[in-house]
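With TSV, C-alpha atoms inside, this is my_file-v6.tsv:
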```
chain	number	residue	atom	x	y	z
D	1	MET	CA	27.43	81.76	91.65
D	2	ARG	CA	24.06	83.41	90.92
D	3	TYR	CA	23.10	80.31	88.95
D	4	ARG	CA	23.96	78.15	91.93
D	5	ILE	CA	21.92	80.30	94.38
D	6	GLY	CA	19.00	80.36	91.95
D	7	LEU	CA	19.08	76.61	91.55
D	8	LEU	CA	19.36	76.04	95.28
D	9	SER	CA	16.39	78.35	95.89
D	10	PHE	CA	14.41	76.45	93.28
D	11	LEU	CA	15.28	73.12	94.91
D	12	PHE	CA	14.35	74.46	98.34
D	13	LEU	CA	10.98	75.68	97.07
D	14	LEU	CA	10.47	72.40	95.26
D	15	ASN	CA	11.14	70.59	98.51
D	16	LEU	CA	8.63	72.80	100.36
D	17	SER	CA	5.99	72.12	97.73
D	18	LEU	CA	6.67	68.41	98.04
D	19	MET	CA	5.94	68.69	101.76
D	20	ALA	CA	2.63	70.57	101.34
D	21	GLU	CA	-0.22	68.68	99.75
D	22	ILE	CA	-3.97	68.96	99.35
D	23	THR	CA	-6.10	65.98	98.45
D	24	VAL	CA	-9.84	65.70	97.85
D	25	GLU	CA	-11.79	62.48	98.13
D	26	THR	CA	-15.43	61.49	97.87
D	27	GLY	CA	-16.74	58.92	100.33
D	28	LYS	CA	-17.76	55.73	98.54
D	29	ASN	CA	-20.73	55.13	100.80
D	30	THR	CA	-21.70	58.65	101.81
D	31	GLY	CA	-20.97	60.73	98.71
D	32	LEU	CA	-19.55	63.37	101.06
D	33	ARG	CA	-16.27	65.03	100.20
D	34	THR	CA	-13.13	65.24	102.32
D	35	TRP	CA	-10.31	67.75	101.88
D	36	LYS	CA	-6.94	67.03	103.45
D	37	TRP	CA	-4.16	69.57	103.78
D	38	VAL	CA	-0.75	68.31	104.86
D	39	HIS	CA	2.42	70.26	105.57
D	40	GLU	CA	5.49	68.90	107.37
D	41	GLY	CA	3.46	66.28	109.18
D	42	ILE	CA	0.77	68.75	110.24
D	43	SER	CA	-2.57	67.90	108.72
D	44	LEU	CA	-6.07	69.33	108.63
D	45	GLN	CA	-8.85	67.11	107.35
D	46	LEU	CA	-12.27	68.61	106.61
D	47	VAL	CA	-15.24	66.32	105.98
D	48	GLN	CA	-18.57	67.69	104.74
D	49	ARG	CA	-21.49	67.26	107.13
D	50	LEU	CA	-25.01	67.16	105.77
D	51	PRO	CA	-27.37	69.73	107.31
D	52	ASP	CA	-29.55	66.84	108.49
D	53	GLN	CA	-26.60	65.26	110.31
D	54	THR	CA	-25.96	68.48	112.21
D	55	ARG	CA	-29.68	69.07	112.79
D	56	ALA	CA	-30.12	65.61	114.31
D	57	TYR	CA	-26.95	65.94	116.39
D	58	VAL	CA	-27.85	69.26	118.00
D	59	MET	CA	-31.53	68.36	118.49
D	60	ALA	CA	-30.40	65.23	120.34
D	61	LYS	CA	-28.41	67.54	122.60
D	62	GLY	CA	-31.56	69.58	123.33
D	63	PHE	CA	-31.54	72.44	120.82
D	64	PRO	CA	-35.04	73.49	119.72
D	65	ARG	CA	-35.96	73.21	116.04
D	66	ASP	CA	-35.31	76.82	115.01
D	67	ALA	CA	-31.83	76.92	116.58
D	68	ALA	CA	-31.07	73.47	115.15
D	69	ASP	CA	-32.08	74.69	111.68
D	70	GLU	CA	-29.83	77.71	112.01
D	71	LEU	CA	-26.88	75.53	113.03
D	72	ALA	CA	-27.63	72.92	110.37
D	73	THR	CA	-27.53	75.48	107.57
D	74	SER	CA	-24.33	77.19	108.74
D	75	CYS	CA	-21.90	74.88	106.91
D	76	PHE	CA	-20.42	72.41	109.37
D	77	PHE	CA	-17.40	70.29	108.59
D	78	GLY	CA	-16.12	67.39	110.66
D	79	SER	CA	-12.50	68.36	111.27
D	80	MET	CA	-9.36	66.56	112.33
D	81	PHE	CA	-6.30	68.62	113.10
D	82	ARG	CA	-3.11	66.68	113.83
D	83	ASN	CA	0.49	67.44	114.53
D	84	ASP	CA	2.43	64.39	113.45
D	85	GLY	CA	5.43	66.56	112.66
D	86	SER	CA	8.46	67.20	114.83
D	87	LYS	CA	7.78	70.80	115.85
D	88	PRO	CA	5.19	72.44	118.13
D	89	MET	CA	2.38	74.32	116.42
D	90	ASP	CA	-0.31	76.81	117.37
D	91	PHE	CA	-3.49	77.95	115.73
D	92	ASP	CA	-6.10	80.61	116.36
D	93	LEU	CA	-9.26	80.18	114.30
D	94	ARG	CA	-10.10	83.88	114.79
D	95	GLU	CA	-7.33	84.63	112.29
D	96	TRP	CA	-8.60	82.29	109.58
D	97	GLU	CA	-10.56	83.65	106.64
D	98	VAL	CA	-13.42	82.31	104.58
D	99	VAL	CA	-12.86	83.65	101.07
D	100	GLN	CA	-15.53	83.96	98.37
D	101	GLY	CA	-14.50	85.96	95.30
D	102	THR	CA	-13.16	89.24	96.62
D	103	GLY	CA	-14.98	89.05	99.93
D	104	THR	CA	-13.72	87.52	103.14
D	105	GLY	CA	-15.54	86.40	106.24
D	106	LYS	CA	-14.75	84.78	109.55
D	107	MET	CA	-15.52	81.32	110.83
D	108	LYS	CA	-18.28	80.71	113.38
D	109	ILE	CA	-16.23	79.71	116.38
D	110	ARG	CA	-17.19	78.58	119.90
D	111	GLU	CA	-17.48	82.15	121.11
D	112	SER	CA	-19.78	83.10	118.19
D	113	TRP	CA	-22.32	80.45	119.21
D	114	LYS	CA	-21.99	81.26	122.92
D	115	GLN	CA	-22.92	84.82	122.10
D	116	ARG	CA	-25.66	83.77	119.67
D	117	PHE	CA	-27.46	81.36	122.00
D	118	GLY	CA	-26.23	82.53	125.43
D	119	SER	CA	-29.42	84.41	126.30
D	120	ARG	CA	-31.88	81.82	124.95
D	121	LYS	CA	-33.76	80.45	127.97
D	122	ASP	CA	-35.30	77.68	125.85
D	123	ILE	CA	-31.90	76.11	125.11
D	124	PRO	CA	-30.73	73.89	127.98
D	125	LYS	CA	-27.33	74.74	129.38
D	126	SER	CA	-26.24	71.14	128.79
D	127	ALA	CA	-27.02	71.57	125.07
D	128	ARG	CA	-24.91	74.73	124.85
D	129	ILE	CA	-22.04	73.05	126.75
D	130	GLY	CA	-22.31	70.01	124.45
D	131	LEU	CA	-22.15	72.17	121.31
D	132	ASN	CA	-19.23	74.16	122.68
D	133	TRP	CA	-17.07	71.08	123.30
D	134	SER	CA	-18.08	69.52	119.96
D	135	LEU	CA	-16.49	72.42	118.08
D	136	MET	CA	-12.78	72.65	117.32
D	137	PRO	CA	-11.03	74.72	120.01
D	138	THR	CA	-10.64	78.34	118.91
D	139	VAL	CA	-7.06	78.52	120.14
D	140	GLN	CA	-4.88	75.47	120.57
D	141	HIS	CA	-1.26	74.43	121.03
D	142	PHE	CA	-0.13	71.07	119.71
D	143	GLU	CA	3.12	69.41	120.61
D	144	PRO	CA	4.22	66.65	118.23
D	145	GLY	CA	1.78	63.75	118.57
D	146	ASP	CA	-1.17	65.91	119.65
D	147	TYR	CA	-4.45	66.21	117.78
D	148	ASN	CA	-8.07	67.29	118.09
D	149	TRP	CA	-11.30	66.29	116.43
D	150	GLY	CA	-14.09	68.81	116.34
D	151	MET	CA	-16.52	70.51	114.04
D	152	THR	CA	-15.62	73.73	112.25
D	153	VAL	CA	-18.29	76.12	110.98
D	154	TYR	CA	-18.02	78.58	108.11
D	155	GLY	CA	-21.30	80.53	108.27
D	156	LEU	CA	-22.37	79.80	104.67
D	157	SER	CA	-25.46	78.22	103.15
D	158	PRO	CA	-25.65	74.58	102.03
D	159	GLY	CA	-23.80	73.98	98.75
D	160	GLU	CA	-21.82	77.24	98.82
D	161	LYS	CA	-18.20	77.17	97.68
D	162	PHE	CA	-15.29	78.96	99.33
D	163	ASP	CA	-11.54	78.98	99.89
D	164	LEU	CA	-10.15	78.70	103.39
D	165	ARG	CA	-7.15	80.87	104.22
D	166	LEU	CA	-5.57	79.25	107.23
D	167	LYS	CA	-2.81	80.53	109.46
D	168	ILE	CA	-0.74	78.46	111.84
D	169	VAL	CA	2.47	79.02	113.74
D	170	VAL	CA	5.04	76.25	113.52
D	171	ALA	CA	7.90	76.44	116.02
D	172	GLY	CA	7.30	80.18	116.33
D	173	LYS	CA	7.21	80.82	112.56
D	174	PRO	CA	3.92	81.92	110.98
D	175	LEU	CA	2.68	79.89	108.04
D	176	GLN	CA	-0.23	80.73	105.73
D	177	ALA	CA	-1.93	78.42	103.29
D	178	VAL	CA	-5.11	78.25	101.24
D	179	ILE	CA	-7.37	75.26	100.82
D	180	PRO	CA	-9.20	76.13	97.61
D	181	GLY	CA	-12.59	74.98	96.37
D	182	LEU	CA	-14.16	73.83	99.62
D	183	GLN	CA	-17.88	73.31	99.40
D	184	CYS	CA	-20.48	73.21	102.17
D	185	ALA	CA	-22.50	70.00	101.97
D	186	PRO	CA	-25.73	70.49	100.06
D	187	GLU	CA	-29.09	69.61	101.67
D	188	THR	CA	-28.87	66.13	100.17
D	189	VAL	CA	-26.16	64.14	98.46
D	190	GLU	CA	-26.72	61.47	95.89
D	191	LYS	CA	-24.85	58.42	97.11
D	192	PRO	CA	-22.54	56.97	94.50
D	193	VAL	CA	-23.69	53.65	93.10
D	194	SER	CA	-21.28	50.96	94.28
X	1	MET	CA	28.98	70.98	90.61
X	2	LYS	CA	26.41	68.40	89.52
X	3	LYS	CA	27.42	66.11	92.37
X	4	THR	CA	27.08	68.91	94.96
X	5	LEU	CA	23.63	69.81	93.70
X	6	LEU	CA	22.55	66.19	93.71
X	7	ILE	CA	23.68	65.75	97.32
X	8	LEU	CA	21.95	68.99	98.32
X	9	PHE	CA	18.75	67.92	96.55
X	10	LEU	CA	18.77	64.53	98.28
X	11	TRP	CA	19.45	66.18	101.63
X	12	LEU	CA	16.54	68.59	101.14
X	13	LEU	CA	14.29	65.72	100.16
X	14	PHE	CA	15.37	63.79	103.24
X	15	LEU	CA	14.64	66.85	105.38
X	16	GLY	CA	11.10	66.78	104.06
X	17	GLN	CA	10.62	63.16	105.04
X	18	ALA	CA	12.41	63.34	108.38
X	19	TYR	CA	9.58	64.80	110.41
X	20	ALA	CA	8.66	61.48	111.95
X	21	SER	CA	5.32	61.23	113.69
X	22	GLY	CA	5.35	60.57	117.38
X	23	LYS	CA	2.76	60.48	120.08
X	24	GLY	CA	3.71	60.33	123.72
X	25	LEU	CA	3.46	62.81	126.54
X	26	THR	CA	4.46	66.46	126.55
X	27	LEU	CA	6.59	67.44	129.53
X	28	LEU	CA	5.30	70.65	131.12
X	29	LYS	CA	8.52	72.26	132.27
X	30	ASP	CA	6.89	74.77	134.62
X	31	ARG	CA	4.81	72.05	136.31
X	32	PRO	CA	1.80	74.26	137.13
X	33	ALA	CA	-0.22	73.41	140.24
X	34	VAL	CA	-3.70	72.15	139.42
X	35	PRO	CA	-6.81	73.87	140.78
X	36	ASP	CA	-8.66	71.78	143.33
X	37	PHE	CA	-12.09	70.36	142.51
X	38	ASN	CA	-14.90	68.53	144.17
X	39	LEU	CA	-16.87	66.29	141.79
X	40	LYS	CA	-19.22	63.35	142.12
X	41	ASP	CA	-18.67	60.09	140.30
X	42	VAL	CA	-21.43	58.19	138.51
X	43	ASP	CA	-22.34	56.39	141.76
X	44	GLY	CA	-22.66	59.63	143.70
X	45	ASN	CA	-19.33	59.37	145.56
X	46	ASN	CA	-17.50	62.63	146.19
X	47	TYR	CA	-13.95	63.19	144.94
X	48	ARG	CA	-11.91	66.13	146.18
X	49	PHE	CA	-8.70	66.31	144.18
X	50	SER	CA	-6.64	67.73	147.06
X	51	ASP	CA	-7.37	64.53	149.03
X	52	LEU	CA	-5.25	62.65	146.48
X	53	LYS	CA	-2.05	64.58	147.25
X	54	GLY	CA	0.87	62.20	147.62
X	55	LYS	CA	-0.33	60.06	144.69
X	56	VAL	CA	0.52	60.11	141.02
X	57	VAL	CA	-2.78	60.57	139.18
X	58	ILE	CA	-3.72	60.31	135.50
X	59	VAL	CA	-6.62	62.68	134.85
X	60	ASN	CA	-8.45	62.25	131.56
X	61	PHE	CA	-11.05	64.74	130.27
X	62	TRP	CA	-13.46	63.15	127.82
X	63	ALA	CA	-17.06	62.79	126.61
X	64	THR	CA	-19.02	59.82	125.30
X	65	TRP	CA	-19.79	61.47	121.93
X	66	CYS	CA	-16.08	62.11	121.23
X	67	PRO	CA	-14.65	59.37	118.93
X	68	PRO	CA	-10.97	59.62	120.01
X	69	CYS	CA	-12.10	59.58	123.66
X	70	ARG	CA	-14.00	56.35	123.08
X	71	ALA	CA	-11.10	54.89	121.15
X	72	GLU	CA	-8.58	55.36	123.96
X	73	MET	CA	-10.82	54.03	126.76
X	74	PRO	CA	-9.90	50.34	126.33
X	75	SER	CA	-6.19	51.19	126.52
X	76	MET	CA	-6.86	53.29	129.64
X	77	GLN	CA	-8.56	50.31	131.23
X	78	ARG	CA	-5.59	48.08	130.34
X	79	ALA	CA	-3.18	50.67	131.78
X	80	TRP	CA	-5.33	50.92	134.93
X	81	GLU	CA	-5.17	47.16	135.40
X	82	GLN	CA	-1.38	47.46	135.53
X	83	LEU	CA	-1.09	50.66	137.56
X	84	ARG	CA	-3.70	50.28	140.30
X	85	GLU	CA	-1.62	47.72	142.18
X	86	GLU	CA	1.25	50.20	142.16
X	87	GLY	CA	-0.71	52.97	143.87
X	88	ILE	CA	-1.11	55.11	140.76
X	89	LEU	CA	-4.61	56.54	140.32
X	90	MET	CA	-6.66	57.20	137.22
X	91	LEU	CA	-9.69	59.48	136.94
X	92	ALA	CA	-11.82	60.09	133.87
X	93	ILE	CA	-13.74	63.36	134.01
X	94	ASP	CA	-16.72	63.47	131.66
X	95	VAL	CA	-17.41	66.96	130.36
X	96	GLY	CA	-20.98	68.22	130.08
X	97	GLU	CA	-22.94	64.96	130.30
X	98	ASP	CA	-25.00	63.18	132.91
X	99	GLU	CA	-25.08	59.68	134.43
X	100	ASP	CA	-27.42	58.32	131.74
X	101	ALA	CA	-24.92	59.03	128.96
X	102	ILE	CA	-22.15	57.36	130.96
X	103	PHE	CA	-24.20	54.26	131.80
X	104	GLU	CA	-25.06	53.82	128.14
X	105	PHE	CA	-21.38	54.15	127.25
X	106	THR	CA	-20.00	51.83	129.95
X	107	ALA	CA	-22.46	49.14	128.90
X	108	SER	CA	-20.36	48.66	125.77
X	109	TYR	CA	-17.02	49.96	127.10
X	110	PRO	CA	-16.72	48.67	130.67
X	111	VAL	CA	-14.11	50.54	132.72
X	112	GLU	CA	-13.23	50.11	136.38
X	113	PHE	CA	-11.57	53.42	137.20
X	114	PRO	CA	-13.69	56.25	138.59
X	115	ILE	CA	-15.67	58.37	136.12
X	116	LEU	CA	-16.46	61.83	137.51
X	117	LEU	CA	-19.07	64.23	136.17
X	118	ASP	CA	-18.13	67.80	135.25
X	119	THR	CA	-21.62	68.66	134.04
X	120	GLU	CA	-21.03	72.44	134.00
X	121	SER	CA	-17.55	72.01	132.44
X	122	SER	CA	-16.17	74.38	135.08
X	123	VAL	CA	-13.36	71.99	136.13
X	124	SER	CA	-12.36	71.39	132.50
X	125	GLU	CA	-12.09	75.13	132.01
X	126	SER	CA	-10.15	75.76	135.21
X	127	TRP	CA	-7.71	72.99	134.22
X	128	GLU	CA	-7.30	74.79	130.85
X	129	VAL	CA	-8.62	71.94	128.76
X	130	LYS	CA	-9.38	73.16	125.24
X	131	GLY	CA	-10.30	70.04	123.32
X	132	LEU	CA	-11.31	66.47	124.15
X	133	PRO	CA	-9.71	64.19	125.03
X	134	THR	CA	-6.98	65.89	127.03
X	135	THR	CA	-5.08	64.00	129.70
X	136	PHE	CA	-2.71	65.18	132.40
X	137	VAL	CA	-0.34	63.20	134.57
X	138	ILE	CA	-0.18	64.79	138.01
X	139	ASP	CA	2.69	64.26	140.43
X	140	GLN	CA	2.55	63.68	144.20
X	141	TRP	CA	2.57	67.44	144.83
X	142	GLY	CA	-0.49	68.12	142.73
X	143	ARG	CA	1.36	69.55	139.74
X	144	LYS	CA	0.78	68.90	136.04
X	145	VAL	CA	3.87	67.13	134.74
X	146	TYR	CA	2.71	65.67	131.43
X	147	ARG	CA	-0.06	66.55	128.97
X	148	ALA	CA	-1.52	64.66	126.02
X	149	VAL	CA	-3.95	66.38	123.64
X	150	GLY	CA	-5.86	63.74	121.67
X	151	GLY	CA	-6.08	60.01	122.29
X	152	ARG	CA	-3.18	57.77	123.22
X	153	GLU	CA	-2.47	54.08	123.67
X	154	TRP	CA	-2.19	54.35	127.42
X	155	ASP	CA	-0.80	50.88	127.96
X	156	ALA	CA	2.13	51.53	125.60
X	157	PRO	CA	5.33	50.69	127.55
X	158	GLU	CA	6.96	54.08	126.89
X	159	LEU	CA	3.95	55.93	128.34
X	160	LEU	CA	3.68	53.68	131.37
X	161	LYS	CA	7.41	54.08	131.99
X	162	LYS	CA	7.06	57.87	132.23
X	163	VAL	CA	4.15	57.58	134.63
X	164	ARG	CA	5.95	55.03	136.83
X	165	GLU	CA	9.10	57.14	136.91
X	166	LEU	CA	7.11	59.94	138.54
X	167	LYS	CA	6.19	57.65	141.39
X	168	GLN	CA	9.85	56.88	142.02
X	169	VAL	CA	10.71	60.55	142.59
X	170	PRO	CA	11.13	60.92	146.38
```

What's the structure tokens form of this structure?
Amino acid sequence: MRYRIGLLSFLFLLNLSLMAEITVETGKNTGLRTWKWVHEGISLQLVQRLPDQTRAYVMAKGFPRDAADELATSCFFGSMFRNDGSKPMDFDLREWEVVQGTGTGKMKIRESWKQRFGSRKDIPKSARIGLNWSLMPTVQHFEPGDYNWGMTVYGLSPGEKFDLRLKIVVAGKPLQAVIPGLQCAPETVEKPVS
Amino acid sequence: MKKTLLILFLWLLFLGQAYASGKGLTLLKDRPAVPDFNLKDVDGNNYRFSDLKGKVVIVNFWATWCPPCRAEMPSMQRAWEQLREEGILMLAIDVGEDEDAIFEFTASYPVEFPILLDTESSVSESWEVKGLPTTFVIDQWGRKVYRAVGGREWDAPELLKKVRELKQVP
């Protein structure tokens, strides 16, 4: 009987591991890396953004050079979060952790930047609103079929490596996972020769 | 014993694959009433949402820089071409941009339904929009009935059917 329970537990865990997957790819044309975490149809895709990409994006929105530099060197990722599973899910980025060695930090979420730039008279309100909506929502609820695109920010310097400890709630049940070996885009990337 | 384990293993494997993807519209069971707003469209016309009571309205929150928002616009236009004759309205509310951004966008993505400007993003916040695009289907009594977070193919028959069914409710 114990053998049977042990084997069933093993098979169940095997099945869970089959459902959770992390892949890493390097863009053929850009040289930028993409990490994709998938679990039961829920997926989070993180694509490196070069500091220059972010700098140009926020300056076009009206951020002055110093603020644009600060944003550009804060480790932005283009992010796609999807629920293609069959159960509702929730996330709260305030609970996620940026792990480096034994230290942990928090992500730079919408509210962090509102606080950071809220009192700057030289930053147009339209620029702050634009940045706010470009970032992944801090708290979100996805029914099956829902998704968001948005940038996520990890508050690290270009080229730094980290693990992301993410927490989501699927149909009321908390789920934790780690995406290991993420790396902020460096200042420049050598494009692969095609 | 071996047969039982094999069946169990196959069943567990199937369970892992059975979470089929599906888009569509989420039914909001509590049907919350929407806050009223007064916004201008890109031509300067005023739209007060409470004036639309009695109509089924699709309200889409979007921005020109948002790739999924851009991607769903052609299907919204196709849906609008079918629905406008049936008295169903469609509004796209741009969040945080001005007329210039819209004109640049509509030059390459022509749409005929009204585009309103929520430059301060106050309406988006009061409607509890968290990410773009987010779309609500509002019934004749000004209540949110369906929500879609992320882009959709708005002219898909199953989506149009749900919207049309709302109009048939007396």

Give the centre and edge lengths of an axis-aligned box, in Å to one decimal, that holds all listed atoms of segment 80-94 of chain X with 8 Å on each side, as lines of an AutoDock Vina configuration file.
```
center_x = -7.7
center_y = 55.3
center_z = 137.8
size_x = 34.0
size_y = 32.3
size_z = 28.2
```

Worksheet item: Mind pulling up the distance from atom CA of Pro114 of chain X to atom CA of Gly62 of chain D?
Response: 27.0 Å

Worksheet item: Between X:Gly142, X:Gly131, X:Pro157, X:Gly150, which one has atoms that come closest to Gln140 of chain D, using all atoms listed in the file?
Response: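 So, comparing all the options, the nearest one is X:Gly131.
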
Discussion item. Ranking X:Val42, X:Ile115, X:Ile138, X:Val34 by minimum distance to Met73 of chain X and counting only C-alpha atoms, which one comes first?
Written reply: X:Ile115

Item to complete: Could you jot down the atom CA of Leu44 of chain D to atom CA of Leu71 of chain D separation for me, Å, one decimal place?
Response: 22.2 Å

Residues of chain D within 6 Å of chain X, all atoms listed in the file counted, as a PDB file with C-alpha atoms, keeping the file's coordinate frame:
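As written to disk, part-v5.pdb reads:
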```pdb
ATOM      1  CA  MET D  19       5.940  68.690 101.760  1.00  0.00           C
ATOM      2  CA  ASP D  84       2.430  64.390 113.450  1.00  0.00           C
ATOM      3  CA  GLY D  85       5.430  66.560 112.660  1.00  0.00           C
ATOM      4  CA  SER D  86       8.460  67.200 114.830  1.00  0.00           C
ATOM      5  CA  ILE D 129     -22.040  73.050 126.750  1.00  0.00           C
ATOM      6  CA  PRO D 137     -11.030  74.720 120.010  1.00  0.00           C
ATOM      7  CA  GLY D 145       1.780  63.750 118.570  1.00  0.00           C
ATOM      8  CA  ASP D 146      -1.170  65.910 119.650  1.00  0.00           C
ATOM      9  CA  TYR D 147      -4.450  66.210 117.780  1.00  0.00           C
ATOM     10  CA  ASN D 148      -8.070  67.290 118.090  1.00  0.00           C
TER      11      ASN D 148
END
```

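Atom pair atom CA of Gln48 of chain D / atom CA of Phe77 of chain D: separated by 4.8 Å.
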
Discussion item. Residues near Ile93 of chain X, anyone? I mean within 8 Å using all atoms listed in the file, not counting same-chain ones fewer than 2 positions away, as a ChimeraX atom specification.
Written reply: /X:59-62,91,95,115-118

Worksheet item: Which residue out of X:Glu153, X:Ala33, X:Glu72, X:Asp94 has the minimum interatomic distance to Ser122 of chain X when only C-alpha atoms are used?
Response: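 The closest residue to Ser122 of chain X is X:Asp94.
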
Can you write out as CSV which residues of segment 11-89 of chain D fall within 12 Å of segment 96-119 of chain D, alongside each residue's closest atom pair and its distance in Å to one decimal, counting all atoms listed in the file and ordering rows by chain and ascending residue number?
```
residue,atom,partner,partner_atom,distance
D:Phe63,CA,D:Phe117,CA,9.9
D:Pro64,CA,D:Phe117,CA,11.2
D:Asp66,CA,D:Phe117,CA,11.4
D:Ala67,CA,D:Phe117,CA,8.3
D:Ala68,CA,D:Phe117,CA,11.1
D:Glu70,CA,D:Arg116,CA,10.6
D:Leu71,CA,D:Trp113,CA,9.1
D:Ser74,CA,D:Lys108,CA,8.4
D:Cys75,CA,D:Lys108,CA,9.4
D:Phe76,CA,D:Lys108,CA,9.5
D:Phe77,CA,D:Met107,CA,11.4
```

Discussion item. Residues within 12 Å of Asp90 of chain D, please, as a list of chain:residue names. Count all atoms listed in the file; anything in the same chain fewer than 4 positions from it doesn't count.
Written reply: D:Ile42, D:Phe81, D:Arg82, D:Asn83, D:Glu95, D:Pro137, D:Thr138, D:Val139, D:Gln140, D:His141, D:Phe142, D:Glu143, D:Pro144, D:Asp146, D:Tyr147, D:Leu166, D:Lys167, D:Ile168, D:Val169, D:Val170, D:Ala171, D:Gly172, D:Lys173, D:Pro174, D:Leu175

Worksheet item: Excluding same-chain residues fewer than 2 positions from Met90 of chain X, what lies within 9 Å of it counting all atoms listed in the file, as JSON, numbers by chain?
Response: {"X": [56, 57, 58, 59, 60, 76, 80, 83, 84, 88, 92, 113, 114]}

Worksheet item: Skipping near chain neighbours, those fewer than 2 positions away, what residues fall within 10 Å of Ala185 of chain D using all atoms listed in the file, listed as a PyMOL selection string?
Response: chain D and resi 31-33+47-51+73+75-77+157-161+182-183+187-189
